[in-house]
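Peer 1: Right, I'll just put the structure down here and ask away after.
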Protein chains: 2
Amino acid sequence: MNYIGIDIGGTFIKAGLVDENGKIIKHSSIETKATRKAERVIEDMIKQIRDLTDGAEYKSVGIGCPGSIYSDTGTVEYSNNLYWRKVPLGQMLKDELKKPVFVSNDANVAALGEAKFGAGKGYTDVVMVTLGTGVGMGIVVDGKMFEGYRSMGGEGGHMVIRENGARCTCGRRGCLEAYASATALIRETLNAMMIDKNSLMWEFCGNDLNKVDGRTSFECAKRGDATAQKVVDEYIKALSDGVINIINIFRSQAIIIGGGVSAQGAYLTHPIQQYVDKYRYGGRESLPVKILTAELGNDAGILGAASLGFGA
Amino acid sequence: MNYIGIDIGGTFIKAGLVDENGKIIKHSSIETKATRKAERVIEDMIKQIRDLTDGAEYKSVGIGCPGSIYSDTGTVEYSNNLYWRKVPLGQMLKDELKKPVFVSNDANVAALGEAKFGAGKGYTDVVMVTLGTGVGMGIVVDGKMFEGYRSMGGEGGHMVIRENGARCTCGRRGCLEAYASATALIRETLNAMMIDKNSLMWEFCGNDLNKVDGRTSFECAKRGDATAQKVVDEYIKALSDGVINIINIFRSQAIIIGGGVSAQGAYLTHPIQQYVDKYRYGGRESLPVKILTAELGNDAGILGAASLGFGA
């Protein structure tokens, strides 16, 4: 039997027909046109599902949707990207399609996909940390998504690790997100460049600060620039502090690093692995934890969404 | 039907016959004599259970045991207080009593008891934070204990909140435990007294530093001493940082504060509640979280242990 997995984005709604082994048999993509009323978007989504299945049987529909989602009812409480507030997405699709419908936060669903079918394959307990504009955290416990009470938790990016530290978008100071996001990495890169006008980073970005991105410090550190190395070291230290905090609570078998910064590969994961080996609670005598990078890219959302219906 | 709940301590093994409403019908206590071989201690425990039930039927045995416990197998991996290493406690009792036996960490089991039958009654998602020599954390999710992969997680006390902060027993610096334990409160009280020789705290402890305890700063702050107030404020700030970090992950309905410091009641919980209301992810618009103090005292362990068999 097959399953539908849908990844709703601000620009495109991507859907896939997925088999029970996690293989995408057929892809589909439509424009979201998010400025329309929710009802219109959902009508298009229903048409998209019907086109995708083309009359064939399927077991359920799983959806990853941006925003605050009550997974128990399938209601989108609030979605900034879609301009939605209190939209009973799950119920609307269920009424129309007469199938079980599961709705969860898009980042959590993508983490579930990566954990089940990507880098986390073979593990039951995995946390995916996505380093982008913010720090997303997708927690998988015993093969299932863990989102806390009424699916409103899982906000491990908003964990203070630095007292009175940098301001975070959530209103606190010193959150992991304020130190380990790509945004924070760029901020610290710029700060370091302002202090060291001789850093290789100036040459690397052609003296154009607009060209500074999450790679600048890493690439210049690889070329031996001490100022860049310091930025990288402090970034990795903060990220490792957050990762170990999470390990001590969930005791996950693996941590998967995703998002743009994860392209640094072993240059990023190797030092985190060393911190984790040494400093997780119980140290080297406790259960081992692997630090990995994400493998699936964009398909993780569709696969994770489809898998919400597996075994349900 | 009744259940057996056992709370193994370094000095006494306390047991209770508990009904399905969480009422202790009969108590029993024997000496642990922990320096003996594990087999001898367990023999005594079996006799204790037989005396307690006196031939009457019961459904299961639940045990809270100090140390690292693999709850899935009921094996005590390591217990410092009992001098045990790799003791198959659950299996040994099961073989002898022919009943289901559940074993978990004593602090987690006590938190479960407090959550189900004490301050957390009526809530499904609760975290108990015990402020003592260390900072214990017992996490209850959807009415069940949450201990992470192979029950080796739940160590929220070992979450770095202060970069390069005070040394923690776990090998890291700046853990919640290194700031919010009673031990840390006493350390900071002594530090503050060293700096301010005019603080009321000197008079309060009769100029005897051995008499300084977790109450010193709180009691002198109530009497208007500014130095004591600063110690209390910083203690509560650190504890609140940790509590909010945990709320953002678990989105618990209530946080129960236990341990000696919780005797401060509203003087402690009121400011934490204010921090939580303002700074939890989503702020006042998100699901509310109540800050409470523990109610059950010593019976929490027996009740939590017995309840491991409820509905099993």
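Ordering of the structure tokens sets the chain letters (A, B, ...); residue numbers start at 1 within each chain; ligands are numbered from 1 in the order shown.
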Computed after least-squares fitting of chain A to chain B on all C-alpha atoms in order, what is the RMSD in Å?
Peer 2: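 Pairing the C-alpha atoms in order and fitting gives 0.0 Å.
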Peer 1: Kindly assemble as a tab-separated table a list of the region 144-183 of chain B residues that lie within 10 Å of region 269-289 of chain A, each paired with its nearest atom pair and their distance in Å to one decimal, using only C-alpha atoms, sorted first by chain and then by ascending residue number.
Peer 2:
```
residue	atom	partner	partner_atom	distance
B:Tyr149	CA	A:Leu287	CA	9.3
B:Arg150	CA	A:Leu287	CA	9.1
B:Met152	CA	A:Leu287	CA	8.1
B:Gly153	CA	A:Tyr281	CA	8.8
B:Glu155	CA	A:Tyr281	CA	7.6
B:His158	CA	A:Tyr281	CA	7.1
B:Met159	CA	A:Tyr281	CA	9.5
B:Thr169	CA	A:Tyr281	CA	9.8
B:Cys170	CA	A:Tyr281	CA	6.2
B:Gly171	CA	A:Tyr279	CA	6.5
B:Arg172	CA	A:Tyr279	CA	6.3
B:Arg173	CA	A:Tyr279	CA	9.8
```
Peer 1: Record the distance separating CA of Asp241 (chain A) and CA of Asp125 (chain B), expressed in Å with one decimal.
Peer 2: 26.2 Å
Peer 1: Write out as a list in words the residues lying within 12 Å of Glu203 (chain A), counting only C-alpha atoms and excluding same-chain residues fewer than 4 positions away.
Peer 2: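 My list of contacting residues is Met193, Lys197, Asn198, Ser199, Asn207, Asp208, Leu209, Lys211, Val212, Thr216, Ser217, Glu219, Cys220 and Asp225 of chain A.
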Peer 1: With N, CA and C atoms retained, could you export that selection as a PDB file, in the first residue's frame?
Peer 2:
```
ATOM      1  N   MET A 193      35.842  40.366  11.588  1.00  0.00           N
ATOM      2  CA  MET A 193      36.474  41.107  10.491  1.00  0.00           C
ATOM      3  C   MET A 193      36.654  42.579  10.851  1.00  0.00           C
ATOM      4  N   LYS A 197      41.398  43.787  10.636  1.00  0.00           N
ATOM      5  CA  LYS A 197      41.320  44.260   9.237  1.00  0.00           C
ATOM      6  C   LYS A 197      42.299  43.506   8.333  1.00  0.00           C
ATOM      7  N   ASN A 198      43.211  42.734   8.943  1.00  0.00           N
ATOM      8  CA  ASN A 198      44.191  41.981   8.156  1.00  0.00           C
ATOM      9  C   ASN A 198      43.768  40.533   7.918  1.00  0.00           C
ATOM     10  N   SER A 199      42.606  40.176   8.432  1.00  0.00           N
ATOM     11  CA  SER A 199      42.173  38.786   8.265  1.00  0.00           C
ATOM     12  C   SER A 199      42.017  38.454   6.778  1.00  0.00           C
ATOM     13  N   ASN A 207      36.610  42.145  -0.255  1.00  0.00           N
ATOM     14  CA  ASN A 207      36.337  43.386   0.496  1.00  0.00           C
ATOM     15  C   ASN A 207      34.866  43.820   0.424  1.00  0.00           C
ATOM     16  N   ASP A 208      34.002  42.872   0.071  1.00  0.00           N
ATOM     17  CA  ASP A 208      32.569  43.188  -0.021  1.00  0.00           C
ATOM     18  C   ASP A 208      31.827  42.437   1.097  1.00  0.00           C
ATOM     19  N   LEU A 209      31.446  43.205   2.125  1.00  0.00           N
ATOM     20  CA  LEU A 209      30.829  42.568   3.297  1.00  0.00           C
ATOM     21  C   LEU A 209      29.512  41.865   2.948  1.00  0.00           C
ATOM     22  N   LYS A 211      29.153  39.894   0.670  1.00  0.00           N
ATOM     23  CA  LYS A 211      29.468  38.533   0.204  1.00  0.00           C
ATOM     24  C   LYS A 211      29.852  37.588   1.344  1.00  0.00           C
ATOM     25  N   VAL A 212      29.884  38.116   2.570  1.00  0.00           N
ATOM     26  CA  VAL A 212      30.186  37.253   3.725  1.00  0.00           C
ATOM     27  C   VAL A 212      29.007  36.324   3.966  1.00  0.00           C
ATOM     28  N   THR A 216      32.407  31.735   4.849  1.00  0.00           N
ATOM     29  CA  THR A 216      33.580  32.610   4.907  1.00  0.00           C
ATOM     30  C   THR A 216      34.582  32.193   5.991  1.00  0.00           C
ATOM     31  N   SER A 217      34.110  32.076   7.226  1.00  0.00           N
ATOM     32  CA  SER A 217      35.030  31.761   8.320  1.00  0.00           C
ATOM     33  C   SER A 217      35.604  30.356   8.157  1.00  0.00           C
ATOM     34  N   GLU A 219      36.072  28.529   5.411  1.00  0.00           N
ATOM     35  CA  GLU A 219      37.033  28.410   4.299  1.00  0.00           C
ATOM     36  C   GLU A 219      38.356  29.095   4.628  1.00  0.00           C
ATOM     37  N   CYS A 220      38.282  30.251   5.307  1.00  0.00           N
ATOM     38  CA  CYS A 220      39.520  30.959   5.641  1.00  0.00           C
ATOM     39  C   CYS A 220      40.261  30.266   6.781  1.00  0.00           C
ATOM     40  N   ASP A 225      43.866  31.086   8.489  1.00  0.00           N
ATOM     41  CA  ASP A 225      43.639  32.404   9.096  1.00  0.00           C
ATOM     42  C   ASP A 225      43.192  32.237  10.561  1.00  0.00           C
TER      43      ASP A 225
END
```
Peer 1: For Thr133 (chain A), find every residue with an atom within 6 Å (counting only C-alpha atoms), except residues of its own chain fewer than 2 positions away, and show them as a PDB file with C-alpha atoms, in the first residue's frame.
Peer 2:
```
ATOM      1  CA  SER A 181      22.402  29.541  13.477  1.00  0.00           C
ATOM      2  CA  ALA A 182      23.977  30.475  10.139  1.00  0.00           C
ATOM      3  CA  THR A 183      22.740  33.989  10.925  1.00  0.00           C
TER       4      THR A 183
END
```
Peer 1: Could you please select, counting only C-alpha atoms, the residues of chain A within 6 Å of chain B and state them as a PyMOL selection string?
Peer 2: chain A and resi 148-149+153-156+159-163+245+248-251
Peer 1: Could you please determine the separation between CA of Thr293 (chain B) and CA of Gly5 (chain B) in Å, to one decimal place?
Peer 2: 23.0 Å
Peer 1: So which residues touch Ala294 (chain A) within 8 Å, counting only C-alpha atoms, skipping near sequence neighbours fewer than 2 positions away, as a list in words?
Peer 2: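 Residues meeting the cut-off are Glu114, Gly118, Ala119, Ile256, Ile257, Gly258, Ser262, Leu292, Leu296 and Gly297 of chain A.
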Peer 1: Find the spatial neighbours of Thr11 (chain B), counting only C-alpha atoms, within a cut-off of 7 Å - ignore same-chain residues fewer than 5 positions away - and output them as a list in words.
Peer 2: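 Using only C-alpha atoms, the neighbours found are Glu31, Thr32 and Lys33 of chain B.
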Peer 1: As an exercise, work out the distance from CA of Asp299 (chain B) to CA of Gly311 (chain B) in Å and give it to one decimal place.
Peer 2: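 Calculated distance between CA of Asp299 (chain B) and CA of Gly311 (chain B) is 20.7 Å.
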Peer 1: Need to verify the contact set: Cys65 (chain A), 9 Å, only C-alpha atoms, exclusion of same-chain residues closer than 2 positions in sequence. Can you return it as a ChimeraX atom specification?
Peer 2: /A:6-9,63,67-69,76,79,103-107,109
